[in-house]
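Engineer: This is structure39.txt (compact mmCIF, C-alpha atoms).
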# COMPACT_ATOMS: atom_id res chain seq x y z
CA MET B 160 -142.97 124.07 63.61
CA LYS B 161 -139.91 122.76 65.46
CA LYS B 162 -138.27 119.57 64.23
CA VAL B 163 -138.15 116.74 66.76
CA ALA B 164 -135.85 113.72 66.51
CA ILE B 165 -136.46 110.78 68.85
CA ILE B 166 -133.71 108.15 69.09
CA GLY B 167 -134.16 104.67 70.53
CA GLY B 168 -135.87 101.35 69.92
CA GLY B 169 -138.29 98.92 71.46
CA THR B 170 -141.72 100.15 72.55
CA GLY B 171 -140.43 103.03 74.67
CA ILE B 172 -140.12 105.75 72.06
CA SER B 173 -143.46 104.91 70.42
CA THR B 174 -145.19 106.02 73.63
CA ILE B 175 -143.45 109.39 73.47
CA ILE B 176 -144.26 109.75 69.78
CA LYS B 177 -147.99 109.28 70.41
CA GLY B 178 -147.94 112.06 72.98
CA ILE B 179 -145.85 114.55 71.04
CA LYS B 180 -147.73 114.16 67.74
CA LYS B 181 -150.80 115.78 69.33
CA TYR B 182 -148.82 119.00 69.62
CA ASN B 183 -146.21 118.69 66.89
CA SER B 184 -146.39 116.47 63.80
CA ASN B 185 -142.84 117.22 62.65
CA ILE B 186 -141.37 114.09 64.26
CA SER B 187 -138.66 111.74 63.03
CA ALA B 188 -137.94 108.51 64.87
CA ILE B 189 -134.42 107.12 64.47
CA VAL B 190 -134.62 103.43 65.29
CA SER B 191 -132.01 100.85 66.29
CA MET B 192 -131.53 97.91 63.90
CA ALA B 193 -129.88 95.52 66.36
CA ASP B 194 -133.04 93.58 67.29
CA ASP B 195 -132.64 89.84 66.70
CA GLY B 196 -135.33 88.33 68.91
CA GLY B 197 -138.95 87.21 68.51
CA GLY B 198 -140.76 87.57 65.21
CA SER B 199 -138.31 90.20 63.98
CA GLY B 200 -135.43 87.79 64.49
CA ILE B 201 -137.22 85.04 62.57
CA LEU B 202 -137.90 87.30 59.57
CA ARG B 203 -134.36 88.64 59.75
CA ASN B 204 -132.91 85.13 59.56
CA ASP B 205 -135.36 83.77 56.98
CA LEU B 206 -135.40 86.70 54.54
CA GLY B 207 -132.14 88.50 55.23
CA MET B 208 -134.03 91.73 55.92
CA LEU B 209 -133.55 94.24 58.70
CA PRO B 210 -135.65 93.70 61.87
CA PRO B 211 -139.10 95.26 61.34
CA GLY B 212 -140.53 95.24 64.88
CA ASP B 213 -139.26 98.56 66.25
CA VAL B 214 -139.95 100.51 63.06
CA ARG B 215 -143.46 99.01 63.00
CA ASN B 216 -144.17 100.30 66.51
CA CYS B 217 -143.05 103.79 65.51
CA LEU B 218 -145.02 103.74 62.26
CA VAL B 219 -148.16 102.78 64.15
CA ALA B 220 -147.51 105.55 66.70
CA LEU B 221 -147.20 108.15 63.92
CA ALA B 222 -150.14 106.84 61.89
CA SER B 223 -153.14 109.06 61.24
CA THR B 224 -155.25 105.93 60.84
CA GLU B 225 -156.15 104.52 64.21
CA GLY B 226 -158.53 101.91 65.57
CA THR B 227 -158.82 98.90 63.28
CA MET B 228 -155.60 99.61 61.35
CA GLU B 229 -153.58 99.88 64.55
CA LYS B 230 -155.08 96.66 65.90
CA LEU B 231 -154.31 94.94 62.60
CA LEU B 232 -150.65 96.01 62.47
CA GLN B 233 -150.07 95.08 66.11
CA TYR B 234 -151.95 91.78 65.93
CA ARG B 235 -149.94 88.73 66.95
CA PHE B 236 -151.08 85.30 65.78
CA LYS B 237 -152.03 82.99 68.64
CA SER B 238 -151.87 79.59 66.97
CA GLY B 239 -150.74 77.63 63.91
CA THR B 240 -147.50 78.00 62.00
CA LEU B 241 -147.69 81.80 62.42
CA LYS B 242 -148.02 81.60 66.22
CA GLY B 243 -146.13 84.47 67.84
CA GLN B 244 -145.61 86.32 64.58
CA ASN B 245 -146.89 89.88 64.18
CA PHE B 246 -149.04 90.84 61.19
CA GLY B 247 -147.36 94.23 60.81
CA ASN B 248 -143.96 92.54 60.60
CA ILE B 249 -145.26 90.19 57.91
CA LEU B 250 -146.68 93.13 55.97
CA ILE B 251 -143.32 94.91 56.04
CA ALA B 252 -141.63 91.67 54.94
CA ALA B 253 -144.06 91.37 52.01
CA LEU B 254 -143.42 94.98 50.96
CA TYR B 255 -139.68 94.35 51.32
CA GLU B 256 -139.88 91.49 48.81
CA ILE B 257 -142.28 93.30 46.46
CA TYR B 258 -140.27 96.53 46.25
CA GLY B 259 -136.79 95.06 46.74
CA GLY B 260 -135.58 97.05 49.72
CA PHE B 261 -136.28 97.84 53.37
CA ASP B 262 -136.32 101.59 52.74
CA LYS B 263 -138.85 101.22 49.92
CA ALA B 264 -141.02 98.96 52.07
CA LEU B 265 -141.14 101.60 54.82
CA ASN B 266 -141.94 104.36 52.32
CA GLU B 267 -144.88 102.37 50.97
CA LEU B 268 -146.22 101.63 54.45
CA GLU B 269 -145.84 105.29 55.43
CA ASN B 270 -148.05 106.18 52.47
CA VAL B 271 -150.65 103.58 53.42
CA LEU B 272 -150.79 104.78 57.02
CA SER B 273 -150.68 108.51 56.15
CA ILE B 274 -148.15 109.07 58.91
CA SER B 275 -147.42 112.60 60.04
CA GLY B 276 -143.67 112.15 60.55
CA LYS B 277 -140.86 109.87 59.48
CA VAL B 278 -139.41 106.57 60.72
CA VAL B 279 -135.71 106.25 59.94
CA PRO B 280 -133.57 103.12 60.51
CA VAL B 281 -130.26 104.25 62.05
CA THR B 282 -128.42 102.10 59.47
CA TYR B 283 -129.27 99.81 56.56
CA GLU B 284 -126.36 97.48 57.30
CA ASN B 285 -126.80 94.06 58.88
CA ILE B 286 -125.49 94.35 62.43
CA HIS B 287 -125.50 92.43 65.69
CA LEU B 288 -125.00 93.71 69.20
CA VAL B 289 -122.07 92.41 71.26
CA ALA B 290 -121.67 92.82 75.01
CA GLU B 291 -118.59 92.65 77.18
CA PHE B 292 -119.43 91.85 80.79
CA GLU B 293 -117.66 92.91 83.95
CA ASN B 294 -116.54 89.30 84.51
CA GLU B 295 -114.77 89.55 81.10
CA ASP B 296 -117.16 87.14 79.34
CA LYS B 297 -118.64 88.24 76.00
CA CYS B 298 -121.98 87.60 74.33
CA ILE B 299 -123.46 88.35 70.91
CA GLY B 300 -127.13 88.95 70.20
CA GLU B 301 -129.36 91.80 71.41
CA SER B 302 -132.10 89.45 72.61
CA ILE B 303 -129.89 87.26 74.79
CA ILE B 304 -127.49 89.81 76.29
CA PRO B 305 -129.69 90.72 79.29
CA LYS B 306 -130.52 87.05 79.91
CA MET B 307 -126.83 86.12 79.85
CA ALA B 308 -125.87 88.98 82.17
CA TYR B 309 -128.45 87.79 84.68
CA LYS B 310 -127.48 84.13 84.28
CA LEU B 311 -123.79 84.92 84.83
CA ASP B 312 -124.65 87.26 87.72
CA THR B 313 -122.61 90.05 86.19
CA LYS B 314 -123.17 93.47 84.68
CA ILE B 315 -122.70 94.84 81.18
CA LYS B 316 -119.41 96.71 80.94
CA ARG B 317 -119.64 97.80 77.33
CA VAL B 318 -121.52 97.04 74.13
CA GLY B 319 -120.35 97.15 70.52
CA LEU B 320 -121.46 96.13 67.04
CA PHE B 321 -120.46 93.08 64.99
CA PRO B 322 -119.03 92.30 62.44
CA LYS B 323 -118.02 95.93 61.98
CA THR B 324 -119.05 99.44 62.82
CA PRO B 325 -121.78 100.27 60.27
CA SER B 326 -122.21 103.55 58.47
CA ALA B 327 -125.20 105.66 59.42
CA ASN B 328 -128.24 105.98 57.19
CA ARG B 329 -127.82 109.37 55.50
CA ASP B 330 -131.44 110.21 56.31
CA ALA B 331 -130.71 109.65 60.01
CA LEU B 332 -127.78 112.07 59.86
CA LYS B 333 -129.93 114.64 58.08
CA VAL B 334 -132.68 114.32 60.70
CA ILE B 335 -130.17 114.94 63.50
CA GLN B 336 -128.53 117.87 61.69
CA GLU B 337 -131.87 119.60 61.12
CA ALA B 338 -133.44 118.87 64.52
CA ASP B 339 -134.40 121.53 67.04
CA LEU B 340 -134.94 118.94 69.76
CA ILE B 341 -133.26 115.52 70.13
CA ILE B 342 -134.77 113.03 72.58
CA LEU B 343 -132.98 109.84 73.60
CA GLY B 344 -135.24 107.13 75.01
CA PRO B 345 -137.00 105.96 76.98
CA GLY B 346 -136.03 102.33 76.45
CA SER B 347 -133.57 99.62 77.38
CA LEU B 348 -130.28 101.38 77.98
CA TYR B 349 -127.79 98.95 76.43
CA THR B 350 -130.02 97.23 73.86
CA SER B 351 -132.27 100.02 72.52
CA ILE B 352 -130.64 103.41 73.09
CA ILE B 353 -126.86 102.96 73.09
CA PRO B 354 -126.73 100.81 69.89
CA ASN B 355 -127.77 103.89 67.90
CA LEU B 356 -124.82 105.85 69.28
CA LEU B 357 -122.37 103.17 68.11
CA VAL B 358 -123.25 103.59 64.44
CA GLU B 359 -120.56 105.56 62.60
CA GLY B 360 -121.49 109.22 62.32
CA ILE B 361 -124.42 109.32 64.74
CA SER B 362 -122.64 110.56 67.88
CA GLU B 363 -120.67 113.03 65.77
CA ALA B 364 -123.87 114.37 64.21
CA ILE B 365 -125.45 114.79 67.65
CA GLN B 366 -122.35 116.59 68.89
CA GLN B 367 -122.45 119.02 65.95
CA SER B 368 -126.19 119.59 66.24
CA LYS B 369 -127.43 122.81 67.86
CA ALA B 370 -130.56 121.03 69.08
CA LYS B 371 -131.51 120.69 72.74
CA LYS B 372 -130.60 117.11 73.75
CA ILE B 373 -132.77 115.40 76.37
CA TYR B 374 -132.56 111.93 77.85
CA VAL B 375 -135.84 110.43 79.08
CA GLN B 376 -134.83 108.48 82.15
CA ASN B 377 -136.50 105.07 82.55
CA ILE B 378 -138.84 104.85 85.53
CA MET B 379 -137.78 101.33 86.55
CA THR B 380 -134.48 99.48 86.51
CA GLU B 381 -134.26 96.51 84.14
CA LEU B 382 -133.24 92.91 84.76
CA GLY B 383 -129.94 92.01 83.09
CA GLU B 384 -129.20 95.62 82.12
CA THR B 385 -129.60 98.22 84.85
CA LEU B 386 -130.47 96.60 88.19
CA ASP B 387 -129.25 98.92 91.00
CA PHE B 388 -128.47 101.67 88.47
CA THR B 389 -128.88 105.30 89.50
CA VAL B 390 -129.63 108.21 87.17
CA ARG B 391 -125.90 108.94 87.16
CA ASP B 392 -125.14 105.37 86.08
CA HIS B 393 -127.53 105.62 83.12
CA ILE B 394 -126.08 108.91 81.91
CA LYS B 395 -122.50 107.77 82.43
CA ALA B 396 -123.16 104.67 80.28
CA ILE B 397 -124.51 106.89 77.49
CA THR B 398 -121.53 109.23 77.79
CA ASP B 399 -119.02 106.36 77.82
CA HIS B 400 -120.46 105.09 74.52
CA SER B 401 -120.58 108.51 72.85
CA TYR B 402 -118.91 111.66 74.20
CA GLU B 403 -118.78 113.92 77.26
CA GLY B 404 -121.52 116.53 77.21
CA ILE B 405 -123.93 114.66 74.94
CA LEU B 406 -126.92 115.64 77.11
CA ASP B 407 -128.30 119.06 77.97
CA ALA B 408 -131.10 117.75 80.18
CA VAL B 409 -132.59 114.64 81.76
CA LEU B 410 -136.35 114.22 82.06
CA ILE B 411 -137.33 112.15 85.09
CA ASN B 412 -140.59 111.11 86.67
CA ASP B 413 -141.11 112.12 90.31
CA ALA B 414 -144.63 110.73 90.76
CA GLU B 415 -144.96 107.80 93.15
CA VAL B 416 -145.34 104.33 91.68
CA SER B 417 -148.03 102.38 93.52
CA GLU B 418 -146.97 99.85 96.14
CA ASP B 419 -148.83 97.10 94.27
CA MET B 420 -146.87 97.83 91.09
CA LYS B 421 -143.56 98.02 92.96
CA HIS B 422 -144.27 94.60 94.44
CA LYS B 423 -145.22 93.22 91.03
CA TYR B 424 -141.92 94.38 89.50
CA ILE B 425 -139.80 93.11 92.38
CA GLN B 426 -141.45 89.70 92.15
CA ALA B 427 -141.25 89.46 88.34
CA SER B 428 -137.85 90.96 87.56
CA LYS B 429 -136.25 92.43 90.70
CA SER B 430 -136.80 95.87 89.15
CA THR B 431 -137.04 98.93 91.37
CA VAL B 432 -138.02 102.57 90.94
CA ILE B 433 -135.29 104.97 89.81
CA LYS B 434 -135.23 108.15 91.88
CA LEU B 435 -132.89 111.12 91.95
CA GLU B 436 -130.37 110.63 94.73
CA GLU B 437 -128.01 113.18 96.25
CA LYS B 438 -125.03 111.93 94.21
CA ASP B 439 -127.18 112.26 91.07
CA PHE B 440 -127.82 115.95 91.79
CA GLU B 441 -124.10 116.55 92.28
CA TYR B 442 -123.19 114.70 89.07
CA LEU B 443 -125.82 116.52 87.01
CA LYS B 444 -124.75 119.90 88.38
CA GLU B 445 -121.07 119.17 87.66
CA ASN B 446 -121.93 118.24 84.08
CA ASN B 447 -124.34 121.11 83.46
CA ILE B 448 -127.27 118.76 82.86
CA GLU B 449 -130.65 120.35 83.52
CA ILE B 450 -133.30 118.38 85.43
CA ILE B 451 -136.83 118.31 84.02
CA SER B 452 -138.92 116.59 86.68
CA GLY B 453 -142.65 116.05 87.01
CA ASP B 454 -145.46 113.54 86.96
CA PHE B 455 -144.76 111.55 83.81
CA LEU B 456 -146.15 108.30 85.16
CA GLN B 457 -148.72 106.10 83.48
CA GLU B 458 -149.71 102.93 85.31
CA GLU B 459 -151.76 100.34 83.49
CA VAL B 460 -150.61 96.74 83.06
CA SER B 461 -147.07 98.03 83.52
CA VAL B 462 -145.19 101.14 84.61
CA ARG B 463 -144.46 103.42 81.69
CA HIS B 464 -144.21 107.06 80.71
CA GLY B 465 -147.31 109.03 79.84
CA GLY B 466 -146.42 110.34 76.40
CA GLU B 467 -148.86 113.22 76.52
CA LYS B 468 -147.65 114.26 79.98
CA ILE B 469 -144.13 114.53 78.60
CA ALA B 470 -145.37 116.44 75.55
CA VAL B 471 -147.19 118.96 77.77
CA ALA B 472 -144.04 119.51 79.85
CA LEU B 473 -141.91 120.04 76.73
CA LYS B 474 -144.54 122.39 75.32
CA LYS B 475 -144.47 124.51 78.49
CA LEU B 476 -140.71 124.76 78.13
CA SER B 477 -141.19 125.95 74.52
CA LEU B 478 -139.29 122.92 73.21
CA LEU B 479 -142.05 121.69 70.89
Translate the structure described by the file into structure tokens.

Structural biologist:
Amino acid sequence: MKKVAIIGGGTGISTIIKGIKKYNSNISAIVSMADDGGGSGILRNDLGMLPPGDVRNCLVALASTEGTMEKLLQYRFKSGTLKGQNFGNILIAALYEIYGGFDKALNELENVLSISGKVVPVTYENIHLVAEFENEDKCIGESIIPKMAYKLDTKIKRVGLFPKTPSANRDALKVIQEADLIILGPGSLYTSIIPNLLVEGISEAIQQSKAKKIYVQNIMTELGETLDFTVRDHIKAITDHSYEGILDAVLINDAEVSEDMKHKYIQASKSTVIKLEEKDFEYLKENNIEIISGDFLQEEVSVRHGGEKIAVALKKLSLL
């Protein structure tokens, strides 16, 4: 069975994990540790632990136990002193204190959930994301960077890590070295995907890996991060923060988003659909990046990728 490494953060990669695990259980999710917002940010500040939210989403996606257990781990309290806090995050925090380490807490939860793969923090060091904007202002904090970019009416020029470049988790390096397929995304470009590439050793490990490297292109642009971005812009940002030639292929949805959903996104966040344009084709051809296109759309409350649709496409290409 081929080894699959998925790199990202947020809720994006958990969707892909759910789809792929139906065809291949040999999955490792490498997750960004730059999150400092919401319930994760509160636990991070209060307990000095790494942010649990993104790893929780991936653990739930890999879990063999579904139904009640998934609802429990994703449950968010609606009132009282715990309002807004997620039960799964609290459980990880409790295991962190009981066993004296974030890695041990994750191992224990993996056993409880009987997961079929592995969730690997990209680093165990305490880091924060810093952004430099095109207007030369700077901002620190993953959760406020997009808001500040929008408020200042500017774009993100580059992101980095503070207070220093952290060393990669050795398990993350091993996962990359042994992978047959490496998938980046989907997810927020500057706050979920790129932060992983900034950790010392990660980009180098990807470069040395013989795996097929695929970027899952977001379906919609994102307020404060990628408004007006083309496919080329997304890939160039990844390349600028890692190395030329990091990607072998880009997977992109070509199914039509409904007019109602387009209107909803425009009204809520000015987001628009990302489609391949002529200059994208030229850029991809020049850089020997293969295009994997198809209907990968799943419309429910929001526009997102259909994880199983992607898995089927990868299976047909003999990549799983």

Engineer: Using all atoms listed in the file, pick whichever of B:Leu265, B:Val281, B:Leu343, B:Val390 has the shortest atom-to-atom distance to B:Ile176.

Structural biologist: B:Leu343

Engineer: Would you be able to write out as a PyMOL selection string which residues have an atom within 9 Å of (-138.6, 117.0, 71.6) in the file's coordinates, counting only C-alpha atoms?

Structural biologist: chain B and resi 161-165+179+186+338-342+371-373+470+473-474+478-479

Engineer: Between B:Gly169, B:Lys242, B:Glu256, B:Ser199, single out the one closest to B:Asn216, counting all atoms listed in the file.

Structural biologist: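 Residue with the minimum atom-to-atom distance to B:Asn216: B:Gly169.
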
Engineer: Neighbouring residues of B:Phe440 were defined as those with any atom within 12 Å, considering all atoms listed in the file; residues of the same chain fewer than 3 positions away were excluded. Please report them as a list of chain:residue names.

Structural biologist: B:Thr389, B:Val390, B:Arg391, B:Val409, B:Lys434, B:Leu435, B:Glu436, B:Glu437, B:Leu443, B:Lys444, B:Glu445, B:Asn446, B:Asn447, B:Ile448, B:Glu449, B:Ile450

Engineer: Which one of B:Gly239, B:Gly404, B:Gly344, B:Pro322 sits closest to B:Ile365 if you count all atoms listed in the file?

Structural biologist: B:Gly404

Engineer: Go through B:Ser351, B:Thr398, B:Met160, B:Arg317 and flag the residue nearest B:Asp213, using only C-alpha atoms for the distances.

Structural biologist: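 Closest to B:Asp213, using only C-alpha atoms: B:Ser351.
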
Engineer: Of the candidates B:Pro345, B:Gly247, B:Gly196, B:Gly260, which one gets nearest to B:Tyr283 if we count only C-alpha atoms?

Structural biologist: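 Once distances to B:Tyr283 are computed over only C-alpha atoms, the minimum belongs to B:Gly260.
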
Engineer: Can you pull out every residue within 9 Å of B:Tyr309, counting only C-alpha atoms, but drop anything in the same chain fewer than 5 positions away, and send it as a PDB file with C-alpha atoms, in the frame of the given file?

Structural biologist:
ATOM      1  CA  ILE B 304    -127.490  89.810  76.290  1.00  0.00           C
ATOM      2  CA  LYS B 314    -123.170  93.470  84.680  1.00  0.00           C
ATOM      3  CA  LEU B 382    -133.240  92.910  84.760  1.00  0.00           C
ATOM      4  CA  GLY B 383    -129.940  92.010  83.090  1.00  0.00           C
ATOM      5  CA  GLU B 384    -129.200  95.620  82.120  1.00  0.00           C
TER       6      GLU B 384
END

Engineer: With distances taken over all atoms listed in the file, which residue among B:His400, B:Arg215, B:Lys468, B:Arg235 lies nearest B:Lys316?

Structural biologist: B:His400

Engineer: Please tell me which residues are no farther than 12 Å from (-147.9, 105.2, 52.8) in the file, counting all atoms listed in the file, and write them as a ChimeraX atom specification.

Structural biologist: /B:218-219,221-224,251,254,263-278

Engineer: Quick check, in Å to one decimal: how far apart do atom CA of B:Asn412 and atom CA of B:Gln457 lie?

Structural biologist: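 Going from atom CA of B:Asn412 over to atom CA of B:Gln457 covers 10.1 Å.
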
Engineer: For atom CA of B:Asp419 and atom CA of B:Thr174, quote the distance in Å rounded to one decimal.

Structural biologist: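 It comes out at 22.8 Å.
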
Engineer: Hey, what's within 7 Å of B:Ile286 if we count only C-alpha atoms and toss same-chain stuff fewer than 5 positions away? As a compact mmCIF listing (two decimals) with C-alpha atoms, in the coordinates of the input, please?

Structural biologist:
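As a result, around.txt now contains:
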# COMPACT_ATOMS: atom_id res chain seq x y z
CA ALA B 193 -129.88 95.52 66.36
CA LEU B 320 -121.46 96.13 67.04
CA PHE B 321 -120.46 93.08 64.99
CA PRO B 322 -119.03 92.30 62.44

Engineer: List as an mmCIF file with C-alpha atoms, in the frame of the given file the protein and nucleic acid residues near B:Ile397, meaning an atom at most 9 Å away when all atoms listed in the file are counted, but skip any in the same chain fewer than 6 places from it.

Structural biologist:
data_model
loop_
_atom_site.group_PDB
_atom_site.id
_atom_site.type_symbol
_atom_site.label_atom_id
_atom_site.label_comp_id
_atom_site.auth_asym_id
_atom_site.auth_seq_id
_atom_site.Cartn_x
_atom_site.Cartn_y
_atom_site.Cartn_z
ATOM 1 C CA LEU B 348 -130.280 101.380 77.980
ATOM 2 C CA TYR B 349 -127.790 98.950 76.430
ATOM 3 C CA ILE B 352 -130.640 103.410 73.090
ATOM 4 C CA ILE B 353 -126.860 102.960 73.090
ATOM 5 C CA LEU B 356 -124.820 105.850 69.280
ATOM 6 C CA ILE B 405 -123.930 114.660 74.940
#

Engineer: Between atom CA of B:Phe455 and atom CA of B:Ala188, measure the distance and give it in Å to one decimal.

Structural biologist: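 Between atom CA of B:Phe455 and atom CA of B:Ala188 the gap works out to 20.4 Å.
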
Engineer: Around all the atoms of stretch 178-197 of chain B listed in the file, with 8 Å of room on each side, what axis-aligned box do you get, giving centre and edge lengths in Å to one decimal, as AutoDock Vina command-line options?

Structural biologist:
--center_x -140.3 --center_y 103.1 --center_z 67.8 --size_x 36.9 --size_y 47.8 --size_z 26.3

Engineer: Residues at most 10 Å from B:Gly360, counting only C-alpha atoms, excluding those fewer than 2 positions away in the same chain, as a short mmCIF file (atom, residue, chain, number, x, y, z; two decimals) with C-alpha atoms, in the coordinates of the input?

Structural biologist:
data_model
loop_
_atom_site.label_atom_id
_atom_site.label_comp_id
_atom_site.auth_asym_id
_atom_site.auth_seq_id
_atom_site.Cartn_x
_atom_site.Cartn_y
_atom_site.Cartn_z
CA PRO B 325 -121.78 100.27 60.27
CA SER B 326 -122.21 103.55 58.47
CA ALA B 327 -125.20 105.66 59.42
CA ASN B 328 -128.24 105.98 57.19
CA ARG B 329 -127.82 109.37 55.50
CA ALA B 331 -130.71 109.65 60.01
CA LEU B 332 -127.78 112.07 59.86
CA ASN B 355 -127.77 103.89 67.90
CA LEU B 356 -124.82 105.85 69.28
CA LEU B 357 -122.37 103.17 68.11
CA VAL B 358 -123.25 103.59 64.44
CA SER B 362 -122.64 110.56 67.88
CA GLU B 363 -120.67 113.03 65.77
CA ALA B 364 -123.87 114.37 64.21
CA ILE B 365 -125.45 114.79 67.65
CA GLN B 366 -122.35 116.59 68.89
#

Engineer: For stretch 184-201 of chain B, which lacks atoms in the input, supply N, CA and C atoms and format the output as a short mmCIF file (atom, residue, chain, number, x, y, z; two decimals), in the coordinates of the input.

Structural biologist:
data_model
loop_
_atom_site.label_atom_id
_atom_site.label_comp_id
_atom_site.auth_asym_id
_atom_site.auth_seq_id
_atom_site.Cartn_x
_atom_site.Cartn_y
_atom_site.Cartn_z
N SER B 184 -146.41 117.61 64.73
CA SER B 184 -146.39 116.47 63.80
C SER B 184 -145.06 116.33 63.06
N ASN B 185 -144.13 117.24 63.35
CA ASN B 185 -142.84 117.22 62.65
C ASN B 185 -141.85 116.36 63.43
N ILE B 186 -142.14 115.04 63.45
CA ILE B 186 -141.37 114.09 64.26
C ILE B 186 -140.65 113.09 63.36
N SER B 187 -139.39 112.82 63.70
CA SER B 187 -138.66 111.74 63.03
C SER B 187 -138.14 110.79 64.10
N ALA B 188 -138.42 109.51 63.93
CA ALA B 188 -137.94 108.51 64.87
C ALA B 188 -136.76 107.77 64.26
N ILE B 189 -135.60 107.85 64.91
CA ILE B 189 -134.42 107.12 64.47
C ILE B 189 -134.35 105.84 65.30
N VAL B 190 -134.39 104.70 64.61
CA VAL B 190 -134.62 103.43 65.29
C VAL B 190 -133.43 102.48 65.16
N SER B 191 -133.09 101.84 66.27
CA SER B 191 -132.01 100.85 66.29
C SER B 191 -132.35 99.65 65.42
N MET B 192 -131.34 99.08 64.76
CA MET B 192 -131.53 97.91 63.90
C MET B 192 -130.79 96.69 64.44
N ALA B 193 -130.62 96.63 65.76
CA ALA B 193 -129.88 95.52 66.36
C ALA B 193 -130.79 94.40 66.86
N ASP B 194 -132.09 94.58 66.78
CA ASP B 194 -133.04 93.58 67.29
C ASP B 194 -132.88 92.24 66.56
N ASP B 195 -132.77 91.16 67.33
CA ASP B 195 -132.64 89.84 66.70
C ASP B 195 -133.52 88.79 67.39
N GLY B 196 -134.48 89.25 68.17
CA GLY B 196 -135.33 88.33 68.91
C GLY B 196 -136.75 88.29 68.38
N GLY B 197 -137.53 87.31 68.86
CA GLY B 197 -138.95 87.21 68.51
C GLY B 197 -139.21 87.09 67.04
N GLY B 198 -140.36 87.63 66.62
CA GLY B 198 -140.76 87.57 65.21
C GLY B 198 -139.81 88.32 64.30
N SER B 199 -139.26 89.44 64.79
CA SER B 199 -138.31 90.20 63.98
C SER B 199 -137.07 89.37 63.67
N GLY B 200 -136.61 88.63 64.68
CA GLY B 200 -135.43 87.79 64.49
C GLY B 200 -135.67 86.68 63.48
N ILE B 201 -136.88 86.11 63.52
CA ILE B 201 -137.22 85.04 62.57
C ILE B 201 -137.21 85.57 61.14
#
